[in-house]
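The structure appears below as structure tokens.
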Amino acid sequence: MQTQIGQTTLELVRGDITGQDVDAIVNAANQSLLGGGGVDGAIHRAAGPDLLAECRAVGGCETGDAKITGGYQLKARYVIHTVGPIYFIHLGNAPRLLGSAYRRSLEVAAAHNLTSVAFPSISTGAYGYPVRKAALVALGAVIDFLSKQPHRLTLVQFVLFDDKTLAAYEAALRELVEA
Ligand code: AR6
């Protein structure tokens, strides 16, 4: 499923983000930026050990913020590492922090003049954010950024790992586009 936001195609696909041929893939990291499970583990395995070495030098990332590194053995030239909220810890602040993770990732992409970025579904795995709620926040934040901020993005993808997550994002996009 896809829709057009100004000059940018916003696309939802099912797949593995590590193989995506875009300028940057976004990593759902933790504050240490030193790797973990889920999509974070998969990205570090595919990028190779030089990614971890650069992440060590970055020195961490606050929840809701984003940091950029090289992509090393990935097709993507860059990895943008962001940290989503932990749903049952951040509670009432979770929507604001999740929106911030997407917005800051796009700000970093725009600051590097990137034209294509792929996101996973941040916070909906180990961090426990209900996927239907997360999808509305994620797509709302991305659409808001793309329609209001200066950037050169022509493609923003959500690369979703399973059918349930893809279906939740498709329903949320329909809801937002029809609104
Ligand atoms: N491509 C795309 N999506 C993926 C992939 C992949 N290769 N692998 C998993 N997913 P999670 P979080 C999906 O847990 O909730 C890590 O340990 C997955 O199915 O990776 O933000 C970090 O170090 C789910 O839909 O991220 C942190 O400690 C989504 O990615 C913590 O987990 C996010 O699940 C971050 O938790």
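Ordered as shown in the structure tokens, chains take letters A, B, and onward, while each chain numbers its residues from 1 and ligands are numbered from 1 in the order shown.
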
Neighbourhood of ligand 1 at 6 Å, counting only C-alpha atoms and all ligand atoms, reported as a PyMOL selection string: chain A and resi 16-18+28-30+35-40+42+84+120-128+159-161

Would you write out those residues with N, CA and C atoms, as a PDB file, in the first residue's frame?
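What landed in again25.pdb:
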```
ATOM      1  N   ASP A  16      12.054  -7.667   5.531  1.00  0.00           N
ATOM      2  CA  ASP A  16      13.192  -7.569   6.448  1.00  0.00           C
ATOM      3  C   ASP A  16      13.933  -6.282   6.098  1.00  0.00           C
ATOM      4  N   ILE A  17      14.001  -5.364   7.038  1.00  0.00           N
ATOM      5  CA  ILE A  17      14.550  -4.035   6.752  1.00  0.00           C
ATOM      6  C   ILE A  17      16.050  -4.077   6.442  1.00  0.00           C
ATOM      7  N   THR A  18      16.728  -5.119   6.892  1.00  0.00           N
ATOM      8  CA  THR A  18      18.199  -5.128   6.752  1.00  0.00           C
ATOM      9  C   THR A  18      18.650  -5.147   5.289  1.00  0.00           C
ATOM     10  N   ALA A  28      15.493   0.427  15.569  1.00  0.00           N
ATOM     11  CA  ALA A  28      14.783   0.549  16.855  1.00  0.00           C
ATOM     12  C   ALA A  28      15.747   0.080  17.940  1.00  0.00           C
ATOM     13  N   ALA A  29      16.575   1.015  18.396  1.00  0.00           N
ATOM     14  CA  ALA A  29      17.676   0.683  19.299  1.00  0.00           C
ATOM     15  C   ALA A  29      17.264   0.885  20.757  1.00  0.00           C
ATOM     16  N   ASN A  30      18.221   0.724  21.661  1.00  0.00           N
ATOM     17  CA  ASN A  30      18.026   1.110  23.067  1.00  0.00           C
ATOM     18  C   ASN A  30      19.020   2.227  23.384  1.00  0.00           C
ATOM     19  N   GLY A  35      23.573  -2.437  20.694  1.00  0.00           N
ATOM     20  CA  GLY A  35      22.972  -3.646  20.123  1.00  0.00           C
ATOM     21  C   GLY A  35      21.972  -4.272  21.069  1.00  0.00           C
ATOM     22  N   GLY A  36      21.285  -5.307  20.565  1.00  0.00           N
ATOM     23  CA  GLY A  36      20.251  -5.982  21.344  1.00  0.00           C
ATOM     24  C   GLY A  36      19.610  -7.050  20.490  1.00  0.00           C
ATOM     25  N   GLY A  37      18.327  -7.355  20.752  1.00  0.00           N
ATOM     26  CA  GLY A  37      17.613  -8.362  19.964  1.00  0.00           C
ATOM     27  C   GLY A  37      16.803  -7.707  18.867  1.00  0.00           C
ATOM     28  N   GLY A  38      15.784  -8.407  18.366  1.00  0.00           N
ATOM     29  CA  GLY A  38      14.855  -7.852  17.385  1.00  0.00           C
ATOM     30  C   GLY A  38      15.538  -7.255  16.173  1.00  0.00           C
ATOM     31  N   VAL A  39      14.990  -6.147  15.716  1.00  0.00           N
ATOM     32  CA  VAL A  39      15.516  -5.510  14.507  1.00  0.00           C
ATOM     33  C   VAL A  39      16.933  -4.963  14.760  1.00  0.00           C
ATOM     34  N   ASP A  40      17.205  -4.537  15.968  1.00  0.00           N
ATOM     35  CA  ASP A  40      18.531  -4.030  16.343  1.00  0.00           C
ATOM     36  C   ASP A  40      19.597  -5.115  16.134  1.00  0.00           C
ATOM     37  N   ALA A  42      19.352  -7.772  14.274  1.00  0.00           N
ATOM     38  CA  ALA A  42      19.427  -8.123  12.849  1.00  0.00           C
ATOM     39  C   ALA A  42      20.263  -7.101  12.077  1.00  0.00           C
ATOM     40  N   GLY A  84      12.750   4.231  20.897  1.00  0.00           N
ATOM     41  CA  GLY A  84      11.329   4.421  21.188  1.00  0.00           C
ATOM     42  C   GLY A  84      11.049   4.251  22.670  1.00  0.00           C
ATOM     43  N   PRO A 120      11.369   0.584  10.648  1.00  0.00           N
ATOM     44  CA  PRO A 120      10.648  -0.573  11.182  1.00  0.00           C
ATOM     45  C   PRO A 120       9.515  -0.050  12.065  1.00  0.00           C
ATOM     46  N   SER A 121       8.774  -0.941  12.674  1.00  0.00           N
ATOM     47  CA  SER A 121       7.718  -0.545  13.607  1.00  0.00           C
ATOM     48  C   SER A 121       8.353  -0.379  14.994  1.00  0.00           C
ATOM     49  N   ILE A 122       8.761   0.857  15.289  1.00  0.00           N
ATOM     50  CA  ILE A 122       9.507   1.149  16.520  1.00  0.00           C
ATOM     51  C   ILE A 122       8.632   0.896  17.756  1.00  0.00           C
ATOM     52  N   SER A 123       9.217   0.274  18.753  1.00  0.00           N
ATOM     53  CA  SER A 123       8.615   0.044  20.091  1.00  0.00           C
ATOM     54  C   SER A 123       7.558  -1.055  20.163  1.00  0.00           C
ATOM     55  N   THR A 124       7.195  -1.680  19.035  1.00  0.00           N
ATOM     56  CA  THR A 124       6.083  -2.649  19.104  1.00  0.00           C
ATOM     57  C   THR A 124       6.540  -4.096  19.309  1.00  0.00           C
ATOM     58  N   GLY A 125       7.837  -4.293  19.526  1.00  0.00           N
ATOM     59  CA  GLY A 125       8.335  -5.636  19.841  1.00  0.00           C
ATOM     60  C   GLY A 125       8.646  -5.713  21.329  1.00  0.00           C
ATOM     61  N   ALA A 126       9.912  -5.762  21.669  1.00  0.00           N
ATOM     62  CA  ALA A 126      10.352  -5.879  23.070  1.00  0.00           C
ATOM     63  C   ALA A 126       9.805  -4.745  23.933  1.00  0.00           C
ATOM     64  N   TYR A 127       9.579  -3.581  23.358  1.00  0.00           N
ATOM     65  CA  TYR A 127       9.145  -2.428  24.148  1.00  0.00           C
ATOM     66  C   TYR A 127       7.632  -2.361  24.355  1.00  0.00           C
ATOM     67  N   GLY A 128       6.881  -3.323  23.774  1.00  0.00           N
ATOM     68  CA  GLY A 128       5.502  -3.583  24.188  1.00  0.00           C
ATOM     69  C   GLY A 128       4.422  -2.594  23.783  1.00  0.00           C
ATOM     70  N   VAL A 159       8.947  -0.882   6.678  1.00  0.00           N
ATOM     71  CA  VAL A 159       9.207  -2.284   6.344  1.00  0.00           C
ATOM     72  C   VAL A 159       8.811  -3.119   7.555  1.00  0.00           C
ATOM     73  N   LEU A 160       7.678  -3.808   7.419  1.00  0.00           N
ATOM     74  CA  LEU A 160       7.018  -4.444   8.563  1.00  0.00           C
ATOM     75  C   LEU A 160       7.209  -5.947   8.482  1.00  0.00           C
ATOM     76  N   PHE A 161       7.539  -6.515   9.625  1.00  0.00           N
ATOM     77  CA  PHE A 161       8.111  -7.865   9.662  1.00  0.00           C
ATOM     78  C   PHE A 161       7.079  -8.967   9.533  1.00  0.00           C
TER      79      PHE A 161
END
```

Spatial neighbours of A:Ala109, max dist 10 Å, only C-alpha atoms, sep filter under 3 positions, as a PyMOL selection string: chain A and resi 23-26+66-68+78-80+103-106+112-117+151-153

Those of chain A in DSSP strand (DSSP E or B), formatted as a PDB file with N, CA and C atoms, in the first residue's frame:
```pdb
ATOM      1  N   GLN A   2       0.473   2.263  -0.764  1.00  0.00           N
ATOM      2  CA  GLN A   2       1.251   3.499  -0.746  1.00  0.00           C
ATOM      3  C   GLN A   2       0.370   4.714  -0.955  1.00  0.00           C
ATOM      4  N   THR A   3       0.915   5.845  -0.532  1.00  0.00           N
ATOM      5  CA  THR A   3       0.207   7.107  -0.738  1.00  0.00           C
ATOM      6  C   THR A   3       1.255   8.179  -1.008  1.00  0.00           C
ATOM      7  N   GLN A   4       0.808   9.296  -1.552  1.00  0.00           N
ATOM      8  CA  GLN A   4       1.723  10.369  -1.916  1.00  0.00           C
ATOM      9  C   GLN A   4       1.530  11.539  -0.950  1.00  0.00           C
ATOM     10  N   ILE A   5       2.629  12.017  -0.365  1.00  0.00           N
ATOM     11  CA  ILE A   5       2.580  13.200   0.502  1.00  0.00           C
ATOM     12  C   ILE A   5       3.494  14.236  -0.156  1.00  0.00           C
ATOM     13  N   THR A   8       6.789  13.079  -1.830  1.00  0.00           N
ATOM     14  CA  THR A   8       7.262  11.854  -1.174  1.00  0.00           C
ATOM     15  C   THR A   8       6.252  10.718  -1.282  1.00  0.00           C
ATOM     16  N   THR A   9       6.722   9.545  -1.735  1.00  0.00           N
ATOM     17  CA  THR A   9       5.906   8.335  -1.686  1.00  0.00           C
ATOM     18  C   THR A   9       6.062   7.720  -0.301  1.00  0.00           C
ATOM     19  N   LEU A  10       4.946   7.498   0.375  1.00  0.00           N
ATOM     20  CA  LEU A  10       4.931   6.830   1.676  1.00  0.00           C
ATOM     21  C   LEU A  10       4.396   5.423   1.431  1.00  0.00           C
ATOM     22  N   GLU A  11       5.247   4.425   1.705  1.00  0.00           N
ATOM     23  CA  GLU A  11       4.949   3.049   1.295  1.00  0.00           C
ATOM     24  C   GLU A  11       5.005   2.106   2.495  1.00  0.00           C
ATOM     25  N   LEU A  12       4.045   1.196   2.563  1.00  0.00           N
ATOM     26  CA  LEU A  12       4.025   0.154   3.594  1.00  0.00           C
ATOM     27  C   LEU A  12       4.298  -1.179   2.923  1.00  0.00           C
ATOM     28  N   VAL A  13       5.336  -1.889   3.349  1.00  0.00           N
ATOM     29  CA  VAL A  13       5.643  -3.201   2.764  1.00  0.00           C
ATOM     30  C   VAL A  13       5.947  -4.192   3.884  1.00  0.00           C
ATOM     31  N   ARG A  14       5.778  -5.485   3.573  1.00  0.00           N
ATOM     32  CA  ARG A  14       6.184  -6.500   4.525  1.00  0.00           C
ATOM     33  C   ARG A  14       7.596  -6.940   4.146  1.00  0.00           C
ATOM     34  N   ALA A  24      19.019   5.358   4.025  1.00  0.00           N
ATOM     35  CA  ALA A  24      19.184   5.021   5.440  1.00  0.00           C
ATOM     36  C   ALA A  24      18.079   4.095   5.906  1.00  0.00           C
ATOM     37  N   ILE A  25      18.450   3.113   6.725  1.00  0.00           N
ATOM     38  CA  ILE A  25      17.436   2.353   7.460  1.00  0.00           C
ATOM     39  C   ILE A  25      17.476   2.829   8.905  1.00  0.00           C
ATOM     40  N   VAL A  26      16.299   2.839   9.522  1.00  0.00           N
ATOM     41  CA  VAL A  26      16.189   3.285  10.914  1.00  0.00           C
ATOM     42  C   VAL A  26      16.215   2.050  11.811  1.00  0.00           C
ATOM     43  N   ASN A  27      16.983   2.145  12.886  1.00  0.00           N
ATOM     44  CA  ASN A  27      17.110   1.064  13.856  1.00  0.00           C
ATOM     45  C   ASN A  27      16.304   1.390  15.106  1.00  0.00           C
ATOM     46  N   ALA A  28      15.493   0.427  15.569  1.00  0.00           N
ATOM     47  CA  ALA A  28      14.783   0.549  16.855  1.00  0.00           C
ATOM     48  C   ALA A  28      15.747   0.080  17.940  1.00  0.00           C
ATOM     49  N   ALA A  66      17.511  10.649  17.977  1.00  0.00           N
ATOM     50  CA  ALA A  66      18.059   9.814  16.905  1.00  0.00           C
ATOM     51  C   ALA A  66      19.494  10.215  16.605  1.00  0.00           C
ATOM     52  N   LYS A  67      20.326   9.229  16.265  1.00  0.00           N
ATOM     53  CA  LYS A  67      21.741   9.452  15.920  1.00  0.00           C
ATOM     54  C   LYS A  67      22.047   8.686  14.631  1.00  0.00           C
ATOM     55  N   ILE A  68      22.945   9.229  13.817  1.00  0.00           N
ATOM     56  CA  ILE A  68      23.255   8.594  12.525  1.00  0.00           C
ATOM     57  C   ILE A  68      24.663   8.006  12.529  1.00  0.00           C
ATOM     58  N   THR A  69      24.806   6.834  11.892  1.00  0.00           N
ATOM     59  CA  THR A  69      26.124   6.221  11.674  1.00  0.00           C
ATOM     60  C   THR A  69      26.180   5.718  10.235  1.00  0.00           C
ATOM     61  N   GLY A  70      27.336   5.195   9.850  1.00  0.00           N
ATOM     62  CA  GLY A  70      27.459   4.528   8.561  1.00  0.00           C
ATOM     63  C   GLY A  70      26.680   3.217   8.541  1.00  0.00           C
ATOM     64  N   TYR A  78      23.551   4.592   5.370  1.00  0.00           N
ATOM     65  CA  TYR A  78      23.503   5.037   6.765  1.00  0.00           C
ATOM     66  C   TYR A  78      22.519   4.194   7.573  1.00  0.00           C
ATOM     67  N   VAL A  79      22.772   4.190   8.891  1.00  0.00           N
ATOM     68  CA  VAL A  79      21.766   3.708   9.849  1.00  0.00           C
ATOM     69  C   VAL A  79      21.433   4.888  10.757  1.00  0.00           C
ATOM     70  N   ILE A  80      20.133   5.165  10.895  1.00  0.00           N
ATOM     71  CA  ILE A  80      19.680   6.170  11.866  1.00  0.00           C
ATOM     72  C   ILE A  80      19.144   5.393  13.068  1.00  0.00           C
ATOM     73  N   HIS A  81      19.810   5.557  14.203  1.00  0.00           N
ATOM     74  CA  HIS A  81      19.442   4.818  15.411  1.00  0.00           C
ATOM     75  C   HIS A  81      18.516   5.697  16.235  1.00  0.00           C
ATOM     76  N   THR A  82      17.341   5.183  16.539  1.00  0.00           N
ATOM     77  CA  THR A  82      16.441   5.932  17.406  1.00  0.00           C
ATOM     78  C   THR A  82      15.997   5.028  18.544  1.00  0.00           C
ATOM     79  N   SER A 116      15.836   8.769   0.599  1.00  0.00           N
ATOM     80  CA  SER A 116      15.009   7.584   0.892  1.00  0.00           C
ATOM     81  C   SER A 116      15.378   6.995   2.249  1.00  0.00           C
ATOM     82  N   VAL A 117      14.349   6.680   3.021  1.00  0.00           N
ATOM     83  CA  VAL A 117      14.515   6.172   4.389  1.00  0.00           C
ATOM     84  C   VAL A 117      13.515   5.053   4.619  1.00  0.00           C
ATOM     85  N   ALA A 118      13.951   4.004   5.339  1.00  0.00           N
ATOM     86  CA  ALA A 118      13.043   2.915   5.718  1.00  0.00           C
ATOM     87  C   ALA A 118      12.977   2.796   7.237  1.00  0.00           C
ATOM     88  N   PHE A 119      11.746   2.706   7.755  1.00  0.00           N
ATOM     89  CA  PHE A 119      11.507   2.543   9.197  1.00  0.00           C
ATOM     90  C   PHE A 119      10.997   1.135   9.500  1.00  0.00           C
ATOM     91  N   LEU A 155      11.110   9.011  -0.954  1.00  0.00           N
ATOM     92  CA  LEU A 155      10.557   7.715  -0.524  1.00  0.00           C
ATOM     93  C   LEU A 155      10.744   7.524   0.978  1.00  0.00           C
ATOM     94  N   VAL A 156       9.646   7.291   1.677  1.00  0.00           N
ATOM     95  CA  VAL A 156       9.699   6.836   3.069  1.00  0.00           C
ATOM     96  C   VAL A 156       8.930   5.527   3.132  1.00  0.00           C
ATOM     97  N   GLN A 157       9.636   4.479   3.551  1.00  0.00           N
ATOM     98  CA  GLN A 157       9.016   3.156   3.651  1.00  0.00           C
ATOM     99  C   GLN A 157       8.858   2.742   5.106  1.00  0.00           C
ATOM    100  N   PHE A 158       7.806   1.990   5.372  1.00  0.00           N
ATOM    101  CA  PHE A 158       7.712   1.205   6.600  1.00  0.00           C
ATOM    102  C   PHE A 158       7.894  -0.250   6.182  1.00  0.00           C
ATOM    103  N   VAL A 159       8.947  -0.882   6.678  1.00  0.00           N
ATOM    104  CA  VAL A 159       9.207  -2.284   6.344  1.00  0.00           C
ATOM    105  C   VAL A 159       8.811  -3.119   7.555  1.00  0.00           C
ATOM    106  N   LEU A 160       7.678  -3.808   7.419  1.00  0.00           N
ATOM    107  CA  LEU A 160       7.018  -4.444   8.563  1.00  0.00           C
ATOM    108  C   LEU A 160       7.209  -5.947   8.482  1.00  0.00           C
TER     109      LEU A 160
END
```

In chain A, DSSP helix (DSSP H, G or I) residues written as a PyMOL selection string: chain A and resi 17-19+38-47+49-58+87-111+131-148+163-178

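Atom to atom, atom CA of A:Ala141 and atom CA of A:Ala47 stand 27.6 Å apart.
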